[in-house]
Amino acid sequence: MVETGHFALVLAFALALVQSLVPLFGARTGNERLMAVGGPVAVTGFALTALSFAALTMAYVQSDFSVANVWENSHSLKPMLFKITGTWGNHEGSMLLWVLILTFFGALVAVFGTNLPNTLRANVLAVQGWIGAAFFLFILATSNPFARLVPAPIEGRDLNPILQDIGLAIHPPLLYLGYVGFSVCFSFAVAALIEGKIDAAWARWVRPWTLAAWLFLTGGIAMGSYWAYYELGWGGFWFWDPVENASFMPWLAGTALLHSAIVMEKRSALKIWTLLLAILTFSLSLLGTFLVRSGVLTSVHAFATDPSRGVFILCILMLFIGGSLALFALRAGSLTTGGMFQPVSREGALVLNNLFLTTAAATVLIGTLYPLVIEAITGDKISVGAPFFNLTFGSLMVPLLMLVPFGPLLAWKRGDIFGAAQRLMFAFGGALLAVLVTMLAVEGETVFAALGIGLAFWLILGALTDIVLKSGFGNVSARVMLSRFVGLPRSVFGTTLAHLGVGLSVLGIVGVVSFETEKILTMRAGETVELSGHTVRFEGLHPFQGPNYTEDQGRFVLLGASGNSTGEIISAKRFYPARRMPTTEAGIKTMGFSQLYISLGDETTDGAVVVRMWWKPMVTLIWLGGLVMMIAGAISLTDRRLRVGAPARRAKPARPSPATS
């Protein structure tokens with residue numbers, strides 16, 4: 001099975017070469033038969049890649065330690081779930097997952113793109129083939145997941161204990177679906193540049209693919225944030241780690257691309273800007289791949305790799321980013337710019353949104369790469385930490401978020417800013433009330449925290465204002481209003497939920513940053529501690545034997561006003577013998593939208609245990625907002641107008657009555 005998987009990977013590389021050349025040549029010569037080759041080849045390439053991935057997964061499931069990759073990242077005692085997720089918990093396996101998703105998207109274009117112009121479809125599949133061929137070659141040349149060990153070891157070295165978590169089953173696949181999903185937008189952009197034109201079919205296709213990739217990337221980032229929050233035991237939801245930034249930059253650019261694609265679809269404007277954003281978004285995805293796998297960064301997320309891999313990926317980076325931008329420079333002047341609009345309009349609001357988002361992405365890029373550039377030039381090692389990112393990124397996001405509710409209320413082409421402001425008076429009043437309540441109810445809190453709460457409510461109420469007004473609230477009867485509400489396009493619900501999700505995340509961030517309390521102390525069995533109105537009693541350490549680890553569990557009991565138990569929290573210090581590596585398993589108790597978070601430290605010489613406790617108010621809203629944004633994207637994708645080529649439903653003609661026949 002292992003050799004079958006290796007052979008399938010080689011065949012997939014060969015088919016990627018065919019896909020990258022034959023349809024392109026057919027499009028240039030007008031040969032329909034050559035253009036038609038791209039579809040079946042893309043589907044077959046996906047099937048072979050899936051076979052290769054299944055073979056590697058089977059090797060993990062069966063603990064086949066004759067495969068070097070399995071030996072380095074698995075153990076026979078590891079639970080079955082983590083044997084399967086361990087397939088992509090390493091460099092080689094995760095790259096195989098990367099190309100599996102890439103070929104999957106290529107197959108989707110082949111299957112569902114039959115209504116596209118033949119030349120556009122052929123060029124898109126050819127560009128997908130270029131990307132696939134480059135990464136297949138990278139895997140086969142430097143990162144072969146099927147390399148053998150002779151003789152085969154009896155036991156494996158086990159997976160990194162931090163990765164032995166359910167988060168590994170969710171976070172990387174979602175993240176890659178986002179990263180690689182933007183490759184389709186990139187392929188459509190390059191295909192349009194090759195042809196030198198952007199037509200209606202291009203406009204209809206780019207937005208759904210952008211929306212799907214953005215949806216998955218949002219979920220991947222949110223899941224990764226929560227995974228780090230509970231697994232690393234440090235209690236933070238975002239660290240501005242360089243590899244975190246590597247996933248955040250394409251999300252910012254992808255959000256700008258999504259809004260730009262809306263303008264292009266609705267008004268045939270911003271065509272050149274949309275093309276450029278499609279190129280830049282996938283370029284930032286490739287940059288993230290380079291940062292994680294080149295070894296230039298030291299991060300909890302980064303794979304330890306040899307320099308040859310970094311050089312290979314850098315060459316891929318230069319080829320696709322440099323080549324696409326060069327093609328853009330050659331072709332952009334010959335492309336039509338599209339429709340015109342006034343600065344105060346929905347188009348203008350979306351352009352302003354794009355400027356803020358791309359500038360924010362640029363500041364994150366500079367803060368991430370600046371230390372690498374300085375080290376390469378001078379040899380000095382410096383770090384750019386959270387204060388820089390909080391100041392620069394926050395300064396850009398606050399004015400952007402203040403303007404977000406205005407966008408959906410402005411008319412296309414020419415808007416009325418004062419009319420939009422009047423319609424948002426209720427949202428403004430609610431936000432102002434939230435500021436006043438926060439300042440009065442929370443003793444000693446800063447004005448900035450209250451303003452942050454007000455900003456969150458401004459976003460939430462502003463998003464709801466749009467959908468309420470579109471339903472005719474205050475102008476029609478309740479029955480008509482309900483009918484209008486039900487009949488609204490699903491993309492309208494998607495926009496409302498997306499902006500509402502941003503507001504929820506902002507509320508969670510402001511809440512936990514402003515109102516969090518923390519205690520670090522030593523505790524013995526039977527001792528109690530008060531934290532933000534919660535009484536916690538330490539019951540002591542209890543040993544526990546896991547399938548491939550041992551741990552000391554610290555049990556904490558929550559006490560009510562009468563002294564009775566109202567709940568239990570278990571935190572642990574875990575040790576994995578195969579890796580000789582300890583981990584911290586945080587204990588978390590969720591109460592509404594808030595959490596009590598407990599992390600164990602080391603034992604002292606007198607038998608006490610170092611305990612770190614946090615009360616994190618409204619922290620779960622951070623990830624709930626991300627989930628709401630994902631739901632928003634999914635609802636928007638079900639809108640009939642985003643299903644390419646979907647014909648409008650026509651009512652069946654009524655049968656003639658007997659009296660008139």
# chains A, B, ... in the order shown; residues from 1 in each chain; ligands from 1
call {"tool": "residues_around", "arguments": {"residues": "Phe312 in chain A", "least_positions_apart": "2", "cutoff": "12 Å", "atoms": "only C-alpha atoms", "output": "short mmCIF file (atom, residue, chain, number, x, y, z; two decimals) with N, CA and C atoms, in the first residue's frame"}}
result
data_model
loop_
_atom_site.label_atom_id
_atom_site.label_comp_id
_atom_site.auth_asym_id
_atom_site.auth_seq_id
_atom_site.Cartn_x
_atom_site.Cartn_y
_atom_site.Cartn_z
N ALA A 134 4.38 22.32 -9.28
CA ALA A 134 5.47 22.86 -8.45
C ALA A 134 5.51 22.20 -7.09
N PHE A 135 4.35 22.03 -6.47
CA PHE A 135 4.33 21.48 -5.12
C PHE A 135 4.47 19.95 -5.11
N PHE A 136 3.99 19.28 -6.16
CA PHE A 136 4.27 17.85 -6.27
C PHE A 136 5.78 17.61 -6.40
N LEU A 137 6.42 18.44 -7.21
CA LEU A 137 7.88 18.30 -7.37
C LEU A 137 8.59 18.58 -6.05
N PHE A 138 8.11 19.58 -5.32
CA PHE A 138 8.71 19.90 -4.02
C PHE A 138 8.61 18.70 -3.06
N ILE A 139 7.44 18.05 -3.03
CA ILE A 139 7.25 16.91 -2.14
C ILE A 139 8.15 15.75 -2.55
N LEU A 140 8.15 15.43 -3.84
CA LEU A 140 8.93 14.28 -4.31
C LEU A 140 10.42 14.52 -4.18
N ALA A 141 10.87 15.75 -4.35
CA ALA A 141 12.30 16.03 -4.35
C ALA A 141 12.87 16.24 -2.94
N THR A 142 12.09 16.86 -2.04
CA THR A 142 12.65 17.22 -0.74
C THR A 142 11.86 16.70 0.45
N SER A 143 10.62 16.25 0.25
CA SER A 143 9.76 15.94 1.40
C SER A 143 8.93 14.69 1.15
N THR A 289 3.27 29.72 3.73
CA THR A 289 3.84 28.38 3.55
C THR A 289 5.36 28.43 3.67
N PHE A 290 5.97 29.46 3.09
CA PHE A 290 7.43 29.60 3.16
C PHE A 290 7.89 29.83 4.60
N ARG A 293 7.75 26.61 6.74
CA ARG A 293 8.52 25.43 6.34
C ARG A 293 9.96 25.70 5.93
N SER A 294 10.39 26.95 5.98
CA SER A 294 11.74 27.26 5.54
C SER A 294 12.76 27.18 6.65
N THR A 305 12.79 22.28 9.56
CA THR A 305 13.12 21.74 8.25
C THR A 305 14.54 22.14 7.86
N ASP A 306 15.08 21.44 6.86
CA ASP A 306 16.41 21.76 6.39
C ASP A 306 16.36 22.90 5.39
N PRO A 307 17.50 23.61 5.18
CA PRO A 307 17.50 24.79 4.32
C PRO A 307 17.10 24.51 2.88
N SER A 308 17.36 23.29 2.38
CA SER A 308 17.03 23.00 0.98
C SER A 308 15.54 23.15 0.71
N ARG A 309 14.73 22.78 1.69
CA ARG A 309 13.29 22.95 1.53
C ARG A 309 12.92 24.43 1.45
N GLY A 310 13.54 25.24 2.30
CA GLY A 310 13.26 26.67 2.27
C GLY A 310 13.65 27.29 0.95
N LEU A 314 11.16 29.03 -1.67
CA LEU A 314 11.45 30.41 -2.06
C LEU A 314 11.45 30.55 -3.58
N CYS A 315 11.97 29.55 -4.28
CA CYS A 315 11.93 29.58 -5.74
C CYS A 315 10.49 29.53 -6.25
N ILE A 316 9.65 28.68 -5.64
CA ILE A 316 8.23 28.64 -6.01
C ILE A 316 7.58 30.00 -5.77
N LEU A 317 7.93 30.59 -4.63
CA LEU A 317 7.39 31.90 -4.27
C LEU A 317 7.75 32.94 -5.32
N MET A 318 9.01 32.98 -5.71
CA MET A 318 9.46 33.96 -6.69
C MET A 318 8.82 33.72 -8.05
N LEU A 319 8.65 32.45 -8.40
CA LEU A 319 8.08 32.12 -9.70
C LEU A 319 6.63 32.59 -9.81
#
call {"tool": "residues_around", "arguments": {"residues": "Arg148 in chain A", "least_positions_apart": "6", "cutoff": "6 Å", "atoms": "only C-alpha atoms", "output": "count of residues only"}}
result
3
call {"tool": "residues_around", "arguments": {"residues": "range 117-122 of chain A", "least_positions_apart": "2", "cutoff": "6 Å", "atoms": "only C-alpha atoms", "output": "list in words"}}
result
Pro23, Ala27, Met35, Val124 and Leu125 of chain A
call {"tool": "atom_distance", "arguments": {"atom1": "CA of Glu530 in chain A", "atom2": "CA of Lys616 in chain A"}}
result
14.4 Å
call {"tool": "residues_around", "arguments": {"residues": "range 547-557 of chain A", "least_positions_apart": "2", "cutoff": "7 Å", "atoms": "only C-alpha atoms", "output": "count of residues only"}}
result
26
call {"tool": "closest_residue", "arguments": {"among": "A:Tyr370, A:Tyr176, A:Tyr230, A:Trp458", "to": "Ile588 in chain A", "atoms": "only C-alpha atoms"}}
result
A:Tyr230
call {"tool": "residues_around", "arguments": {"residues": "range 620-628 of chain A", "least_positions_apart": "6", "cutoff": "8 Å", "atoms": "only C-alpha atoms", "output": "PyMOL selection string"}}
result
chain A and resi 218-219+222-223+226+497-498+500-509+593-595
call {"tool": "write_last_selection", "arguments": {"atoms": "N, CA and C atoms", "output": "PDB file, in the first residue's frame"}}
result
ATOM      1  N   THR A 218     -11.313  31.730   7.944  1.00  0.00           N
ATOM      2  CA  THR A 218     -11.847  32.285   9.191  1.00  0.00           C
ATOM      3  C   THR A 218     -11.966  31.197  10.256  1.00  0.00           C
ATOM      4  N   GLY A 219     -12.532  30.041   9.865  1.00  0.00           N
ATOM      5  CA  GLY A 219     -12.647  28.932  10.802  1.00  0.00           C
ATOM      6  C   GLY A 219     -11.303  28.402  11.253  1.00  0.00           C
ATOM      7  N   ALA A 222      -9.745  30.916  13.764  1.00  0.00           N
ATOM      8  CA  ALA A 222     -10.472  30.880  15.036  1.00  0.00           C
ATOM      9  C   ALA A 222     -10.160  29.600  15.806  1.00  0.00           C
ATOM     10  N   MET A 223     -10.151  28.456  15.109  1.00  0.00           N
ATOM     11  CA  MET A 223      -9.861  27.185  15.766  1.00  0.00           C
ATOM     12  C   MET A 223      -8.426  27.166  16.268  1.00  0.00           C
ATOM     13  N   TYR A 226      -8.207  29.214  19.493  1.00  0.00           N
ATOM     14  CA  TYR A 226      -8.751  28.533  20.678  1.00  0.00           C
ATOM     15  C   TYR A 226      -7.873  27.351  21.085  1.00  0.00           C
ATOM     16  N   LEU A 497     -24.863  38.938   9.303  1.00  0.00           N
ATOM     17  CA  LEU A 497     -24.238  38.039  10.276  1.00  0.00           C
ATOM     18  C   LEU A 497     -22.723  38.220  10.318  1.00  0.00           C
ATOM     19  N   ALA A 498     -22.099  38.481   9.172  1.00  0.00           N
ATOM     20  CA  ALA A 498     -20.650  38.675   9.151  1.00  0.00           C
ATOM     21  C   ALA A 498     -20.262  39.894   9.985  1.00  0.00           C
ATOM     22  N   LEU A 500     -22.105  41.296  12.290  1.00  0.00           N
ATOM     23  CA  LEU A 500     -22.471  41.009  13.671  1.00  0.00           C
ATOM     24  C   LEU A 500     -21.408  40.137  14.338  1.00  0.00           C
ATOM     25  N   GLY A 501     -20.857  39.172  13.579  1.00  0.00           N
ATOM     26  CA  GLY A 501     -19.793  38.330  14.114  1.00  0.00           C
ATOM     27  C   GLY A 501     -18.554  39.122  14.463  1.00  0.00           C
ATOM     28  N   VAL A 502     -18.212  40.118  13.632  1.00  0.00           N
ATOM     29  CA  VAL A 502     -17.073  40.989  13.950  1.00  0.00           C
ATOM     30  C   VAL A 502     -17.343  41.729  15.255  1.00  0.00           C
ATOM     31  N   GLY A 503     -18.585  42.224  15.412  1.00  0.00           N
ATOM     32  CA  GLY A 503     -18.937  42.917  16.647  1.00  0.00           C
ATOM     33  C   GLY A 503     -18.823  42.028  17.868  1.00  0.00           C
ATOM     34  N   LEU A 504     -19.253  40.763  17.762  1.00  0.00           N
ATOM     35  CA  LEU A 504     -19.146  39.829  18.884  1.00  0.00           C
ATOM     36  C   LEU A 504     -17.682  39.577  19.246  1.00  0.00           C
ATOM     37  N   SER A 505     -16.826  39.403  18.228  1.00  0.00           N
ATOM     38  CA  SER A 505     -15.402  39.177  18.497  1.00  0.00           C
ATOM     39  C   SER A 505     -14.771  40.394  19.166  1.00  0.00           C
ATOM     40  N   VAL A 506     -15.128  41.588  18.692  1.00  0.00           N
ATOM     41  CA  VAL A 506     -14.610  42.813  19.319  1.00  0.00           C
ATOM     42  C   VAL A 506     -15.060  42.893  20.771  1.00  0.00           C
ATOM     43  N   LEU A 507     -16.321  42.551  21.033  1.00  0.00           N
ATOM     44  CA  LEU A 507     -16.836  42.578  22.404  1.00  0.00           C
ATOM     45  C   LEU A 507     -16.058  41.600  23.285  1.00  0.00           C
ATOM     46  N   GLY A 508     -15.777  40.409  22.767  1.00  0.00           N
ATOM     47  CA  GLY A 508     -15.009  39.435  23.534  1.00  0.00           C
ATOM     48  C   GLY A 508     -13.590  39.895  23.808  1.00  0.00           C
ATOM     49  N   ILE A 509     -12.938  40.487  22.787  1.00  0.00           N
ATOM     50  CA  ILE A 509     -11.558  40.954  22.951  1.00  0.00           C
ATOM     51  C   ILE A 509     -11.480  42.074  23.984  1.00  0.00           C
ATOM     52  N   PHE A 593     -20.749  33.325  28.865  1.00  0.00           N
ATOM     53  CA  PHE A 593     -19.740  33.648  27.860  1.00  0.00           C
ATOM     54  C   PHE A 593     -18.352  33.809  28.477  1.00  0.00           C
ATOM     55  N   SER A 594     -18.232  33.593  29.785  1.00  0.00           N
ATOM     56  CA  SER A 594     -16.969  33.788  30.491  1.00  0.00           C
ATOM     57  C   SER A 594     -16.389  32.440  30.903  1.00  0.00           C
ATOM     58  N   GLN A 595     -15.104  32.455  31.292  1.00  0.00           N
ATOM     59  CA  GLN A 595     -14.436  31.212  31.678  1.00  0.00           C
ATOM     60  C   GLN A 595     -13.525  31.424  32.874  1.00  0.00           C
TER      61      GLN A 595
END
call {"tool": "residues_around", "arguments": {"residues": "range 430-438 of chain A", "least_positions_apart": "4", "cutoff": "12 Å", "atoms": "only C-alpha atoms", "output": "ChimeraX atom specification"}}
result
/A:402,424-426,442-462,464-465,503,507,510-511,514-515
call {"tool": "atom_distance", "arguments": {"atom1": "CA of Val190 in chain A", "atom2": "CA of Val18 in chain A"}}
result
18.3 Å
call {"tool": "closest_residue", "arguments": {"among": "A:Leu163, A:Met58, A:Ala261, A:Val184", "to": "Asn354 in chain A", "atoms": "only C-alpha atoms"}}
result
A:Ala261
call {"tool": "closest_residue", "arguments": {"among": "A:Ala608, A:Leu440, A:Phe320, A:Ser383", "to": "Pro371 in chain A", "atoms": "only C-alpha atoms"}}
result
A:Ser383
call {"tool": "select_by_dssp", "arguments": {"residues": "range 119-179 of chain A", "states": "helix (DSSP H, G or I)", "output": "NGL selection string"}}
result
:A and (119-142 or 161-163 or 167-179)
call {"tool": "decode", "arguments": {"residues": "range 53-83 of chain A", "atoms": "N, CA and C atoms", "output": "PDB file, in the first residue's frame"}}
result
ATOM      1  N   PHE A  53      -2.780   9.943  -0.335  1.00  0.00           N
ATOM      2  CA  PHE A  53      -3.029  10.380   1.044  1.00  0.00           C
ATOM      3  C   PHE A  53      -3.636   9.242   1.866  1.00  0.00           C
ATOM      4  N   ALA A  54      -4.529   8.471   1.261  1.00  0.00           N
ATOM      5  CA  ALA A  54      -5.122   7.327   1.959  1.00  0.00           C
ATOM      6  C   ALA A  54      -4.059   6.294   2.317  1.00  0.00           C
ATOM      7  N   ALA A  55      -3.082   6.101   1.428  1.00  0.00           N
ATOM      8  CA  ALA A  55      -2.010   5.137   1.709  1.00  0.00           C
ATOM      9  C   ALA A  55      -1.179   5.583   2.903  1.00  0.00           C
ATOM     10  N   LEU A  56      -0.866   6.880   2.987  1.00  0.00           N
ATOM     11  CA  LEU A  56      -0.098   7.370   4.125  1.00  0.00           C
ATOM     12  C   LEU A  56      -0.918   7.258   5.413  1.00  0.00           C
ATOM     13  N   THR A  57      -2.208   7.578   5.328  1.00  0.00           N
ATOM     14  CA  THR A  57      -3.078   7.448   6.497  1.00  0.00           C
ATOM     15  C   THR A  57      -3.129   6.005   6.980  1.00  0.00           C
ATOM     16  N   MET A  58      -3.217   5.073   6.048  1.00  0.00           N
ATOM     17  CA  MET A  58      -3.249   3.652   6.403  1.00  0.00           C
ATOM     18  C   MET A  58      -1.954   3.233   7.099  1.00  0.00           C
ATOM     19  N   ALA A  59      -0.826   3.772   6.644  1.00  0.00           N
ATOM     20  CA  ALA A  59       0.446   3.461   7.298  1.00  0.00           C
ATOM     21  C   ALA A  59       0.446   3.944   8.746  1.00  0.00           C
ATOM     22  N   TYR A  60      -0.163   5.106   8.996  1.00  0.00           N
ATOM     23  CA  TYR A  60      -0.265   5.607  10.369  1.00  0.00           C
ATOM     24  C   TYR A  60      -1.208   4.741  11.199  1.00  0.00           C
ATOM     25  N   VAL A  61      -2.335   4.384  10.627  1.00  0.00           N
ATOM     26  CA  VAL A  61      -3.317   3.575  11.357  1.00  0.00           C
ATOM     27  C   VAL A  61      -2.714   2.224  11.746  1.00  0.00           C
ATOM     28  N   GLN A  62      -1.936   1.632  10.842  1.00  0.00           N
ATOM     29  CA  GLN A  62      -1.345   0.318  11.089  1.00  0.00           C
ATOM     30  C   GLN A  62      -0.007   0.389  11.812  1.00  0.00           C
ATOM     31  N   SER A  63       0.447   1.626  12.159  1.00  0.00           N
ATOM     32  CA  SER A  63       1.749   1.808  12.823  1.00  0.00           C
ATOM     33  C   SER A  63       2.868   1.129  12.044  1.00  0.00           C
ATOM     34  N   ASP A  64       2.928   1.439  10.756  1.00  0.00           N
ATOM     35  CA  ASP A  64       3.956   0.879   9.883  1.00  0.00           C
ATOM     36  C   ASP A  64       5.233   1.710  10.027  1.00  0.00           C
ATOM     37  N   PHE A  65       6.105   1.304  10.945  1.00  0.00           N
ATOM     38  CA  PHE A  65       7.304   2.086  11.236  1.00  0.00           C
ATOM     39  C   PHE A  65       8.422   1.872  10.227  1.00  0.00           C
ATOM     40  N   SER A  66       8.141   1.100   9.175  1.00  0.00           N
ATOM     41  CA  SER A  66       9.120   1.045   8.083  1.00  0.00           C
ATOM     42  C   SER A  66       9.077   2.333   7.266  1.00  0.00           C
ATOM     43  N   VAL A  67       8.010   3.117   7.420  1.00  0.00           N
ATOM     44  CA  VAL A  67       7.915   4.436   6.785  1.00  0.00           C
ATOM     45  C   VAL A  67       8.502   5.459   7.751  1.00  0.00           C
ATOM     46  N   ALA A  68       9.551   6.175   7.307  1.00  0.00           N
ATOM     47  CA  ALA A  68      10.263   7.097   8.186  1.00  0.00           C
ATOM     48  C   ALA A  68       9.333   8.149   8.781  1.00  0.00           C
ATOM     49  N   ASN A  69       8.407   8.618   7.990  1.00  0.00           N
ATOM     50  CA  ASN A  69       7.478   9.648   8.456  1.00  0.00           C
ATOM     51  C   ASN A  69       6.612   9.138   9.603  1.00  0.00           C
ATOM     52  N   VAL A  70       6.155   7.900   9.501  1.00  0.00           N
ATOM     53  CA  VAL A  70       5.345   7.306  10.566  1.00  0.00           C
ATOM     54  C   VAL A  70       6.192   7.091  11.803  1.00  0.00           C
ATOM     55  N   TRP A  71       7.410   6.607  11.633  1.00  0.00           N
ATOM     56  CA  TRP A  71       8.303   6.367  12.769  1.00  0.00           C
ATOM     57  C   TRP A  71       8.600   7.662  13.535  1.00  0.00           C
ATOM     58  N   GLU A  72       8.778   8.758  12.819  1.00  0.00           N
ATOM     59  CA  GLU A  72       9.119  10.030  13.459  1.00  0.00           C
ATOM     60  C   GLU A  72       7.936  10.676  14.161  1.00  0.00           C
ATOM     61  N   ASN A  73       6.697  10.314  13.784  1.00  0.00           N
ATOM     62  CA  ASN A  73       5.542  11.076  14.261  1.00  0.00           C
ATOM     63  C   ASN A  73       4.405  10.210  14.797  1.00  0.00           C
ATOM     64  N   SER A  74       4.679   8.947  15.146  1.00  0.00           N
ATOM     65  CA  SER A  74       3.600   8.112  15.660  1.00  0.00           C
ATOM     66  C   SER A  74       4.142   7.132  16.690  1.00  0.00           C
ATOM     67  N   HIS A  75       3.213   6.436  17.315  1.00  0.00           N
ATOM     68  CA  HIS A  75       3.544   5.462  18.364  1.00  0.00           C
ATOM     69  C   HIS A  75       2.401   4.459  18.415  1.00  0.00           C
ATOM     70  N   SER A  76       2.724   3.210  18.682  1.00  0.00           N
ATOM     71  CA  SER A  76       1.694   2.173  18.647  1.00  0.00           C
ATOM     72  C   SER A  76       0.640   2.354  19.737  1.00  0.00           C
ATOM     73  N   LEU A  77       0.986   3.029  20.849  1.00  0.00           N
ATOM     74  CA  LEU A  77       0.033   3.241  21.935  1.00  0.00           C
ATOM     75  C   LEU A  77      -0.795   4.509  21.775  1.00  0.00           C
ATOM     76  N   LYS A  78      -0.527   5.262  20.766  1.00  0.00           N
ATOM     77  CA  LYS A  78      -1.254   6.515  20.574  1.00  0.00           C
ATOM     78  C   LYS A  78      -2.705   6.221  20.222  1.00  0.00           C
ATOM     79  N   PRO A  79      -3.673   6.982  20.768  1.00  0.00           N
ATOM     80  CA  PRO A  79      -5.090   6.760  20.422  1.00  0.00           C
ATOM     81  C   PRO A  79      -5.315   6.864  18.919  1.00  0.00           C
ATOM     82  N   MET A  80      -6.310   6.120  18.418  1.00  0.00           N
ATOM     83  CA  MET A  80      -6.549   6.025  16.984  1.00  0.00           C
ATOM     84  C   MET A  80      -6.796   7.397  16.350  1.00  0.00           C
ATOM     85  N   LEU A  81      -7.553   8.260  17.028  1.00  0.00           N
ATOM     86  CA  LEU A  81      -7.819   9.582  16.468  1.00  0.00           C
ATOM     87  C   LEU A  81      -6.522  10.325  16.179  1.00  0.00           C
ATOM     88  N   PHE A  82      -5.573  10.241  17.106  1.00  0.00           N
ATOM     89  CA  PHE A  82      -4.321  10.970  16.927  1.00  0.00           C
ATOM     90  C   PHE A  82      -3.378  10.261  15.959  1.00  0.00           C
ATOM     91  N   LYS A  83      -3.580   8.957  15.748  1.00  0.00           N
ATOM     92  CA  LYS A  83      -2.839   8.298  14.673  1.00  0.00           C
ATOM     93  C   LYS A  83      -3.269   8.864  13.317  1.00  0.00           C
TER      94      LYS A  83
END
